[in-house]
Amino acid sequence: MQKMVDTTLPQTVRVMFTGGFSRRYTEGVREFTVQATTVRGVLSAMDALYPGLGEHLEEETSIAIDGVIHEVVYTQKVPAGCEVFFIPRIEGG
Amino acid sequence: MTTHQNSTKAMKVVGTSPVRPDGIQKVTGVAQYGADYSLPGMLWSQILRSPHAHANIRSINVEKALALPGVKAVITGKDFPDHKFDYVGPERVAVNYWHMTRNIMAREKALYEGHAVAAVAASTRAIAEQAIKLIEVDYEILPHVIDVDDAIADDAPLLFPDMITRGVEPAPSKPSNIAKRTEFKVGDLEAGFASADEVVEMSFKTAAVHQGYIEPHACLARYGADGQSELWSSSQGHFVVRGYTAKLLGMNLSDLLVHPAEIGGGFGGKTVVYVEPVALLLSKHTGHPVKIMMSREDVFKATGPTSGSSMTVKIGVKKDGTIVAADALLKFQAGAFPGSPVMNATMCSFAPYEIANTRAIGLDVVSNRPKSAAYRAPGSPISAFAVESVLDILANKIGMDPLKLRLKNAVKAGSPTSWGPKHSHDGFAETIQVLLDHPEYKKPLGKNQGRGVASGFWFNGGGESTASVHINEDGTVIIATGSMDVGGSRASMALMAAETLGVPYEMVRSTVADTGSIGYNHVTGGSRVTFATGMVVVDACNKIIDELRLRAALMWDVDVTGVIWEDGFAKPADKSVGDFEPLSLKAIAAKRAVTGGPIGVEASINAGGNAPGFSTQFCDIEVDPDTGKVTVLRFVAAQDVGRAIHRKYVEGQIQGGVVQGIGWALNEEYIYDKNGRLSNAGFLDYRIPVASDLPMIEAVIVEVPNPLHPFGVKGVGEANIVPPMAAMANAIYQATGCRMTELPMSPPKVLAAIDAKNG
């Protein structure tokens, strides 16, 4: 399943969730296309779809932008057409 | 031995191995560890611990203890503020302060032998020890459960009668000891296995093992009459100690100053608090500083080991070696409170391999054991024991070299992961190839000898760090971070600073600042410090270079754009700027007052762009067929670290991880009696490897730089502990024909397997 957020920003990115996360927060939908240029924009777009989701994403996840792992930081740029995959935040030893 | 890939420009100091700045203090005994701190008027604390694995606490009578001369206070769980039952923070390590405060000190129930139930502060340690024996606890002993498979049985005694498994929809109607279920799945498992030429399914068990740090937990606390308080504590993160302690006691962070004591090993086990809130609360009650030192027995009975497990893994391959499907069920002991690293294990299980169809299910299971804590690549070594053992069997079945099987399926940049996103870095295949080319890999073996290989994956970390750089009045440099120095990070920070500034390493002093002197730093763990804190040190150095250029411009009466920084000197950008002699740090520092005052900057970061670590290892062992004793003859461990900043410490990290893996493989385990009491709570009976047990471990540093770090760093501290257990099991199989499926592979177990095979 795929959902599109309607905004006026020209650039789209593909947002992906793990199965467990999507079952908990997005009614099982794992893939979205949103318009955003930064991680803040992605969070806002997802929060508009599922109110309160943005906070869960900030607290619980890291992101893989085309596979490169980043912490969730508002100013992080997301290139046009990239995949933004929210994954569980990992802590090591 | 080192292999380089895609090396960038030549470094002057990065990659060298200077003497560590804290080395002399540590080898001469001058360095201050948690137990070394004292204050005037200091009291000693002892903690009373439950002798029972599972018991209701009906009442605690402290009157006799309080009446003992020299006793100043006695506290129990009820003296701590209670907390809301709520999981907060990242899913894998979600913190529930309702649980945490009950682990610090039991309230309604004692959930494992060694669970703290009361604490005394007294004028001497002897009086405190005497006093805890006078505390009367009325226990109602309950049935207990230790083993993870027993704990999920329908008739298992429940630790929490209202625990409903999270991660299952619809939610179960009955409570159980399964705190949480995790699943990652891609592709079509059934179709994948149907396409396989060979399928192997096998079950494994691993024992809980302790991190085995030499220094027991210790702290000194002083609660001020005005609420302003201090802690001296050995930990892997004094900011996290501050956060947990303040939260548990209901304090503002700004009222608690935590000083970073030196640390005698942590390996993940010192990322949480045990004694700090107890000492601080006792200090509040008495008005005196209070010191707590755990004994080794306390460490074993009351601090986190990593999980023991029960696992089933099924993998299918084609005759050409292509892995077509893989499935894992991982059941991990969490200890008495939820929070095993099973989610990590589900993600790491098949991470090194490009497999179209995978599923990994993880169960986080509570039982009457101390709560698990992080241990070096938490979770990954456990699942790797099962996965890498099954791969070895499959390699034998299809007649393929086990390294070549791994190489054929190795992930690279662009490969899918089993948890969703694509891998974004190379480095794994390079660790395999370097071993295939290793001269010892093809060397013939003798009688009763075997060679085993295995690989492993760890994410490595980024996250929040802060650093400051100051140019002293004489032009020398001080850098400070809030990252505890566990593995030589003072030296690696100084090396990166010296390289960035273009000055000799000896001009840079690197320190670890307390929580009041620098911004937040997350724990020293997750193989994150050289990457993330190193990144912010470089940021801070670049900022101070801009400031130094500005000061030089003022001295030359030119615009700052006309000044460049090169090899440790400010220089005119070109001849049009003017004919100026280059200015050293010393020359600029001498003019600091007239150019604006002290020269210093602080920088902060939430570092991203971290790249994972892969390790591939082989070992040669010999099995004594009469005793089952395994002797390690050779161990070669290759690891992609991105770039080695301090070469000797990188080798040391690789060797250390392998040594801990050898102990995990051969000897280490928690042995419980029928009453749920630990029988081997000391290093005489819980046997970690010593030097005489080990060969020289050859560390092969593979460097495939991370383009998102200024020097290419990925991380080194953890991936190395992932392969050894499977590599040893695979070697034992080659030596004996016996497939060992339980850790540890101690002499009695190996001998029993040999006897069973021989009928």
# chains A, B, ... in the order shown; residues from 1 in each chain; ligands from 1

$ closest_atom_pairs --of "chain B" --to "chain A" --cutoff "6 Å" --atoms "only C-alpha atoms" --output "Markdown table"
| residue | atom | partner | partner_atom | distance |
| --- | --- | --- | --- | --- |
| B:Gly89 | CA | A:Glu59 | CA | 5.4 |
| B:Pro90 | CA | A:Glu60 | CA | 3.7 |
| B:Glu91 | CA | A:Glu60 | CA | 5.7 |
| B:Phe267 | CA | A:Gly93 | CA | 5.6 |
| B:Gly268 | CA | A:Gly93 | CA | 3.5 |
| B:Ala374 | CA | A:Gly93 | CA | 4.9 |
| B:Tyr375 | CA | A:Gly93 | CA | 4.9 |
| B:Arg376 | CA | A:Gly93 | CA | 4.4 |
| B:Ala377 | CA | A:Gly92 | CA | 5.6 |
| B:Pro378 | CA | A:Gly92 | CA | 6.0 |
| B:Pro421 | CA | A:Gly67 | CA | 5.4 |
| B:Lys422 | CA | A:Gly67 | CA | 4.7 |
| B:His423 | CA | A:Gly67 | CA | 5.3 |
| B:Ser424 | CA | A:Gly67 | CA | 4.9 |
| B:Gly525 | CA | A:Gly93 | CA | 4.6 |
| B:Gly526 | CA | A:Gly92 | CA | 3.4 |
| B:Gly608 | CA | A:His70 | CA | 3.9 |
| B:Gly609 | CA | A:Ile69 | CA | 5.3 |
| B:Asn610 | CA | A:Ile69 | CA | 6.0 |

$ select_by_dssp --residues "region 5-91 of chain A" --states "helix (DSSP H, G or I)" --output "PyMOL selection string"
chain A and resi 19-25+39-49+53-60

$ atom_distance --atom1 "CA of Val623 (chain B)" --atom2 "CA of Lys442 (chain B)"
19.5 Å

$ residues_around --residues "Leu249 (chain B)" --least-positions-apart "3" --cutoff "10 Å" --atoms "only C-alpha atoms" --output "VMD selection string"
chain B and resid 79 to 83 101 244 to 246 252 277 to 278 280 to 281

$ write_last_selection --atoms "C-alpha atoms" --output "PDB file, in the first residue's frame"
ATOM      1  CA  ASP B  79      12.464   5.444  50.187  1.00  0.00           C
ATOM      2  CA  PHE B  80      12.883   5.960  46.442  1.00  0.00           C
ATOM      3  CA  PRO B  81      10.272   7.916  44.469  1.00  0.00           C
ATOM      4  CA  ASP B  82       8.091   5.570  42.457  1.00  0.00           C
ATOM      5  CA  HIS B  83       7.677   5.984  38.715  1.00  0.00           C
ATOM      6  CA  THR B 101      13.751   1.758  40.211  1.00  0.00           C
ATOM      7  CA  TYR B 244      19.311   8.055  35.241  1.00  0.00           C
ATOM      8  CA  THR B 245      20.249   9.023  38.805  1.00  0.00           C
ATOM      9  CA  ALA B 246      18.501  12.373  38.654  1.00  0.00           C
ATOM     10  CA  ASN B 252      17.063  18.497  38.251  1.00  0.00           C
ATOM     11  CA  PRO B 277      21.169   6.362  43.154  1.00  0.00           C
ATOM     12  CA  VAL B 278      21.565   4.321  46.345  1.00  0.00           C
ATOM     13  CA  LEU B 280      23.166   9.569  46.656  1.00  0.00           C
ATOM     14  CA  LEU B 281      19.929   8.840  48.513  1.00  0.00           C
TER      15      LEU B 281
END

$ atom_distance --atom1 "CA of Ile315 (chain B)" --atom2 "CA of Phe635 (chain B)"
26.7 Å

$ residues_around --residues "Asp546 (chain B)" --least-positions-apart "4" --cutoff "9 Å" --atoms "only C-alpha atoms" --output "ChimeraX atom specification"
/B:541-542,550-551,560,564-565

$ write_last_selection --atoms "C-alpha atoms" --output "PDB file, in the first residue's frame"
ATOM      1  CA  CYS B 541      39.354  22.110  15.437  1.00  0.00           C
ATOM      2  CA  ASN B 542      38.088  23.507  12.149  1.00  0.00           C
ATOM      3  CA  LEU B 550      40.934  35.754  12.263  1.00  0.00           C
ATOM      4  CA  ARG B 551      43.491  36.504  14.965  1.00  0.00           C
ATOM      5  CA  VAL B 560      40.578  37.122   7.097  1.00  0.00           C
ATOM      6  CA  ILE B 564      45.012  30.319   5.218  1.00  0.00           C
ATOM      7  CA  TRP B 565      45.874  27.596   7.728  1.00  0.00           C
TER       8      TRP B 565
END
